[in-house]
Amino acid sequence: MTNIMLTLDLALILSGILALGIGAQWLSWYLKQPSILLLLLIGIVIGPVFGFFDPDQALGDLLFPFISLGVAVILFEGSLTLEFHEVKSHGRVVQMLVSVGVLITITIVSLVAYFLFEMDPKIAILFGALVCVTGPTVIVPILRSVRPNKNISNILRWEGIIIDPIGAIAVVLVYEYIISGGSGDHALLVFGEILLISSLIGMIGAYVLAVLFKKHLIPEYLRNVFALAFVLLLFSISNHIEHESGLLTVTIMGVALANWPKFEKDDLLDFKESLSLLLISVLFIVLAARLDLESLLSIGIPSLILLAVVMFVARPISVWASSIGSKLKVNEKLMISWIGPRGIVAAAISSLFAIKLEEYNLAGTEYLVPLVFVIIIGTVLIQSLGAKPIGNLLGVREASDNGVLIIGSNPVALKVAQSLRDSGFDVIMAHNNYTNISRARMEGVKTYFGNPVSDHADRNLDLIGFGHLFAMSMDRELNTLCEINYRHDFGKKNIYRLKFNDDRSKSNGKNKQNGEKKNNRQERTDYWQSAWLFGEEVSYGKLASMIANNAKIKTTNITENYSYEQYRTDNKNHIALFMIDKSGSLQVFSSETGKNIDSGTKIIALVHDPDNKKNIPSDNPANKGQKKLKTLADKEKSIDDD
């Protein structure tokens, strides 16, 4: 009976931790803040503060294997995103930050940690490697909140994505060197042996998995769980052959698969990301619950000095050195220097390595976990709170999220995208029609080919600086799904849907007069349906007809001497698309737009030249253009229907 009660208690504890972890992930999504802060806070509260949960007592001998396997999966998933061509394609500054910048950070932080805490040099270097890594999970929420300009956003986002696996590799290599002995010919021989075995097993494992997947020898429904079992098996086999070589093995295997020609890793990444999210939610609470508050408080002032060095010395020097010869302005370099929060890799690996290195009796090992937690909490908290004021002070924040995500690829959507792009706004067209998306890309518009509400889109669509959604697809269900999916990110007032000829009005007056009753599906659709794009009287057919008849995009300034009312009087055959206010912010004309437009506003509209309407013969290019528009729209519709 006692054993059963213990089992039940453990099951209750673990399920409770999982619930708290997922709840923290949801709350961080809702608040648009890094989840790591909430996870660590929960772990500290239920662990050392109130003593509700003691991981060592609750999990016993299972604690070490649980942490090891969890870190192995996290490292494999992270390394699976390291594509070498991406490192080359995102500019010299990013390349320098993830190479020279990493070396500078490790050197400075290691030296300071060595002198402040009298660490063994090898432990100091390990600590430096641990805290050189940022990561997308902590960077992206800050960027979305702060809205820095395009140069800053692109550099910080891609640095976080690329440095995650590179930093993990650096940490694992330093660790492997430490456990090999760390000095002398014998140690170098052992280190070389670990590298050789890890590389062989990792590359062979990558080859086997790639061949099995490419030749479809693994059924679709088994692929993800097969890959998981295979990774964990190789991790354990590698550790059995050569002590503690497993982490390096799975990291090498992930990098190899990421760069394997024509290896389809998207589904694998989706599964691994979900699994990593689950593991991180539980693992971070468990790790924080093991934290010794006395040891954390005992490092006091020196730990704050180290935090200051990380934020105000190491980070700026690495940014300045990495941006030599670039076109970045001083205020942009300062903003990039400010944002460098530490995250997942540091927290997960430091606790695991601290446990493993206890037997080596190296000076400073006991400081690894508390110092890493100080750096994580300090950088995330201080930089999150200070990013907006610093951005305002430096003048690098965008006035608002002016970027527009357009759902659909029909000719009308393309025309709108071009007008936005020509007005200086970021725009992305997202759809699964390859022909139309290719045409838009050839026209110089940024595109995303695929389902805009898929996990792949979540991972690959860069929406930092985007605050508006235009649902313009011929597929109404896709429009509704996108409205629902992006409502939290953009807000209901910034989501618009283009009306089609057979769409019902949002006003229910006509339906009530005719005695019509809406069914449940119609009510659900109306609940999620957003404001009509460009106004309730504007439809796809009307826009397509104007475009086919050579309507032009024109910009008009509203002034004190030329009011909006006068503008409407002078332009009977026009459709106002959007406007740019005095601050440069985008304002979209919709069914909810008022009639008062302030002076100083620029109106961008689709305007008919009356001369182009008259006497158009049947073989006129305008008529052919109208037929072409209809054909392209029909193609998109057929793709959507499929």
# chains A, B, ... in the order shown; residues from 1 in each chain; ligands from 1
>>> residues_around(residues="region 173-180 of chain A", least_positions_apart="4", cutoff="12 Å", atoms="only C-alpha atoms", output="PyMOL selection string")
chain A and resi 106+120-130+166-169+184-199+239+242-249+251-252+349-350+352-354+356-362+365
>>> write_last_selection(atoms="C-alpha atoms", output="PDB file, in the first residue's frame")
ATOM      1  CA  ILE A 106      33.590  33.266 -24.071  1.00  0.00           C
ATOM      2  CA  ASP A 120      39.377  26.089 -12.371  1.00  0.00           C
ATOM      3  CA  PRO A 121      40.258  27.467 -15.846  1.00  0.00           C
ATOM      4  CA  LYS A 122      38.371  24.640 -17.559  1.00  0.00           C
ATOM      5  CA  ILE A 123      35.184  25.337 -15.541  1.00  0.00           C
ATOM      6  CA  ALA A 124      35.548  29.053 -16.284  1.00  0.00           C
ATOM      7  CA  ILE A 125      35.729  28.337 -20.029  1.00  0.00           C
ATOM      8  CA  LEU A 126      32.727  26.014 -19.732  1.00  0.00           C
ATOM      9  CA  PHE A 127      30.781  28.777 -17.980  1.00  0.00           C
ATOM     10  CA  GLY A 128      31.790  31.263 -20.687  1.00  0.00           C
ATOM     11  CA  ALA A 129      30.550  28.879 -23.363  1.00  0.00           C
ATOM     12  CA  LEU A 130      27.266  28.351 -21.490  1.00  0.00           C
ATOM     13  CA  ILE A 166      26.529  26.643 -32.492  1.00  0.00           C
ATOM     14  CA  GLY A 167      26.675  27.537 -28.801  1.00  0.00           C
ATOM     15  CA  ALA A 168      25.465  24.065 -27.871  1.00  0.00           C
ATOM     16  CA  ILE A 169      28.275  22.505 -29.916  1.00  0.00           C
ATOM     17  CA  GLY A 184      48.576  16.377 -21.183  1.00  0.00           C
ATOM     18  CA  ASP A 185      48.973  14.066 -24.127  1.00  0.00           C
ATOM     19  CA  HIS A 186      46.697  11.426 -22.608  1.00  0.00           C
ATOM     20  CA  ALA A 187      43.868  13.928 -22.220  1.00  0.00           C
ATOM     21  CA  LEU A 188      44.224  15.058 -25.825  1.00  0.00           C
ATOM     22  CA  LEU A 189      44.174  11.414 -26.914  1.00  0.00           C
ATOM     23  CA  VAL A 190      40.962  10.782 -24.958  1.00  0.00           C
ATOM     24  CA  PHE A 191      39.407  13.985 -26.312  1.00  0.00           C
ATOM     25  CA  GLY A 192      40.306  12.965 -29.859  1.00  0.00           C
ATOM     26  CA  GLU A 193      38.829   9.539 -29.196  1.00  0.00           C
ATOM     27  CA  ILE A 194      35.565  11.095 -27.994  1.00  0.00           C
ATOM     28  CA  LEU A 195      35.414  13.336 -31.064  1.00  0.00           C
ATOM     29  CA  LEU A 196      36.107  10.423 -33.400  1.00  0.00           C
ATOM     30  CA  ILE A 197      33.542   8.090 -31.857  1.00  0.00           C
ATOM     31  CA  SER A 198      30.888  10.796 -31.620  1.00  0.00           C
ATOM     32  CA  SER A 199      31.473  11.861 -35.222  1.00  0.00           C
ATOM     33  CA  ASN A 239      27.678   6.850 -23.944  1.00  0.00           C
ATOM     34  CA  GLU A 242      32.769   6.134 -24.767  1.00  0.00           C
ATOM     35  CA  HIS A 243      31.808   7.746 -21.473  1.00  0.00           C
ATOM     36  CA  GLU A 244      29.762  10.962 -21.914  1.00  0.00           C
ATOM     37  CA  SER A 245      30.082  11.120 -25.694  1.00  0.00           C
ATOM     38  CA  GLY A 246      26.320  10.871 -26.329  1.00  0.00           C
ATOM     39  CA  LEU A 247      25.490  14.598 -26.284  1.00  0.00           C
ATOM     40  CA  LEU A 248      28.113  15.336 -28.929  1.00  0.00           C
ATOM     41  CA  THR A 249      26.859  12.369 -30.986  1.00  0.00           C
ATOM     42  CA  THR A 251      24.394  17.143 -31.872  1.00  0.00           C
ATOM     43  CA  ILE A 252      26.576  16.016 -34.802  1.00  0.00           C
ATOM     44  CA  ILE A 349      22.984  22.050 -20.006  1.00  0.00           C
ATOM     45  CA  SER A 350      24.468  23.821 -16.981  1.00  0.00           C
ATOM     46  CA  LEU A 352      23.216  18.527 -16.239  1.00  0.00           C
ATOM     47  CA  PHE A 353      26.939  19.242 -16.432  1.00  0.00           C
ATOM     48  CA  ALA A 354      27.046  20.401 -12.816  1.00  0.00           C
ATOM     49  CA  LYS A 356      28.148  15.132 -13.997  1.00  0.00           C
ATOM     50  CA  LEU A 357      31.206  17.176 -13.007  1.00  0.00           C
ATOM     51  CA  GLU A 358      30.738  16.799  -9.254  1.00  0.00           C
ATOM     52  CA  GLU A 359      32.944  13.678  -9.260  1.00  0.00           C
ATOM     53  CA  TYR A 360      35.868  15.557 -10.824  1.00  0.00           C
ATOM     54  CA  ASN A 361      36.253  17.961  -7.846  1.00  0.00           C
ATOM     55  CA  LEU A 362      37.120  20.945 -10.037  1.00  0.00           C
ATOM     56  CA  THR A 365      31.774  23.553 -10.306  1.00  0.00           C
TER      57      THR A 365
END
>>> select_by_dssp(residues="region 202-338 of chain A", states="helix (DSSP H, G or I)", output="MDAnalysis selection string")
chainID A and resid 202:214 220:241 246:258 266:289 293:298 300:322 330:338
>>> residues_around(residues="Pro55 (chain A)", least_positions_apart="2", cutoff="10 Å", atoms="only C-alpha atoms", output="ChimeraX atom specification")
/A:13,47,52-53,57-60,62-63,285-290
>>> residues_around(residues="region 155-162 of chain A", least_positions_apart="6", cutoff="7 Å", atoms="only C-alpha atoms", output="count of residues only")
11
>>> closest_residue(among="A:Leu368, A:Leu543, A:Val330, A:Ala308", to="Ala413 (chain A)", atoms="only C-alpha atoms")
A:Leu543
>>> residues_around(residues="region 440-456 of chain A", least_positions_apart="6", cutoff="9 Å", atoms="only C-alpha atoms", output="number ranges by chain")
A: 266-267, 269-270, 407, 409, 411, 414, 417-418, 421, 426-434, 478, 481-482, 485-486
>>> closest_residue(among="A:Ile324, A:Val380, A:Ile152, A:Val374", to="Arg397 (chain A)", atoms="only C-alpha atoms")
A:Ile152
>>> closest_residue(among="A:Met472, A:Leu297, A:Ile406, A:Ile17", to="Leu498 (chain A)", atoms="only C-alpha atoms")
A:Met472
>>> select_by_dssp(residues="region 304-511 of chain A", states="strand (DSSP E or B)", output="list in words")
Arg397, Gly403, Val404, Leu405, Ile406, Ile407, Val427, Ile428, Met429, Ala430, His431, Lys446, Thr447, Tyr448, Phe449, Phe466, Gly467, His468, Leu469, Phe470, Ala471, Ile495, Tyr496, Arg497 and Lys499 of chain A
>>> closest_residue(among="A:Val309, A:Met119, A:Met474, A:Leu278", to="Leu18 (chain A)", atoms="only C-alpha atoms")
A:Leu278
>>> decode(residues="region 331-350 of chain A", atoms="N, CA, C and O atoms", output="short mmCIF file (atom, residue, chain, number, x, y, z; two decimals), in the first residue's frame")
data_model
loop_
_atom_site.label_atom_id
_atom_site.label_comp_id
_atom_site.auth_asym_id
_atom_site.auth_seq_id
_atom_site.Cartn_x
_atom_site.Cartn_y
_atom_site.Cartn_z
N ASN A 331 23.54 54.10 -33.12
CA ASN A 331 22.38 53.80 -32.27
C ASN A 331 21.87 52.38 -32.50
O ASN A 331 21.37 51.73 -31.57
N GLU A 332 22.02 51.85 -33.71
CA GLU A 332 21.62 50.47 -33.99
C GLU A 332 22.56 49.48 -33.29
O GLU A 332 22.13 48.47 -32.75
N LYS A 333 23.85 49.78 -33.31
CA LYS A 333 24.82 48.92 -32.60
C LYS A 333 24.54 48.91 -31.10
O LYS A 333 24.63 47.87 -30.45
N LEU A 334 24.20 50.08 -30.56
CA LEU A 334 23.90 50.16 -29.14
C LEU A 334 22.66 49.33 -28.78
O LEU A 334 22.62 48.66 -27.75
N MET A 335 21.64 49.36 -29.66
CA MET A 335 20.43 48.59 -29.39
C MET A 335 20.70 47.10 -29.48
O MET A 335 20.21 46.31 -28.65
N ILE A 336 21.48 46.68 -30.46
CA ILE A 336 21.84 45.25 -30.58
C ILE A 336 22.66 44.83 -29.37
O ILE A 336 22.52 43.70 -28.87
N SER A 337 23.50 45.74 -28.88
CA SER A 337 24.31 45.43 -27.69
C SER A 337 23.44 45.24 -26.45
O SER A 337 23.77 44.44 -25.58
N TRP A 338 22.34 45.97 -26.40
CA TRP A 338 21.47 45.88 -25.22
C TRP A 338 20.72 44.54 -25.19
O TRP A 338 20.54 43.94 -24.14
N ILE A 339 20.25 44.08 -26.34
CA ILE A 339 19.41 42.88 -26.37
C ILE A 339 20.27 41.64 -26.61
O ILE A 339 20.75 41.41 -27.72
N GLY A 340 20.45 40.84 -25.56
CA GLY A 340 21.20 39.59 -25.68
C GLY A 340 20.85 38.66 -24.54
O GLY A 340 21.74 38.18 -23.81
N PRO A 341 19.56 38.37 -24.31
CA PRO A 341 19.16 37.52 -23.18
C PRO A 341 19.61 36.08 -23.37
O PRO A 341 19.65 35.57 -24.47
N ARG A 342 19.95 35.44 -22.27
CA ARG A 342 20.36 34.04 -22.31
C ARG A 342 19.15 33.15 -22.03
O ARG A 342 18.20 33.58 -21.38
N GLY A 343 19.21 31.89 -22.52
CA GLY A 343 18.00 31.08 -22.42
C GLY A 343 18.20 29.60 -22.26
O GLY A 343 18.94 29.13 -21.40
N ILE A 344 17.55 28.84 -23.15
CA ILE A 344 17.33 27.41 -22.98
C ILE A 344 18.62 26.61 -22.85
O ILE A 344 18.77 25.80 -21.93
N VAL A 345 19.56 26.81 -23.78
CA VAL A 345 20.78 25.99 -23.78
C VAL A 345 21.53 26.15 -22.46
O VAL A 345 21.96 25.17 -21.84
N ALA A 346 21.66 27.39 -22.00
CA ALA A 346 22.41 27.64 -20.76
C ALA A 346 21.75 26.95 -19.57
O ALA A 346 22.42 26.29 -18.77
N ALA A 347 20.43 27.10 -19.43
CA ALA A 347 19.75 26.54 -18.26
C ALA A 347 19.74 25.02 -18.28
O ALA A 347 19.99 24.37 -17.26
N ALA A 348 19.46 24.44 -19.44
CA ALA A 348 19.34 22.98 -19.52
C ALA A 348 20.68 22.28 -19.33
O ALA A 348 20.80 21.32 -18.55
N ILE A 349 21.71 22.77 -20.01
CA ILE A 349 22.98 22.05 -20.01
C ILE A 349 23.77 22.30 -18.73
O ILE A 349 24.47 21.41 -18.24
N SER A 350 23.67 23.52 -18.17
CA SER A 350 24.47 23.82 -16.98
C SER A 350 24.12 22.89 -15.82
O SER A 350 25.01 22.40 -15.12
#
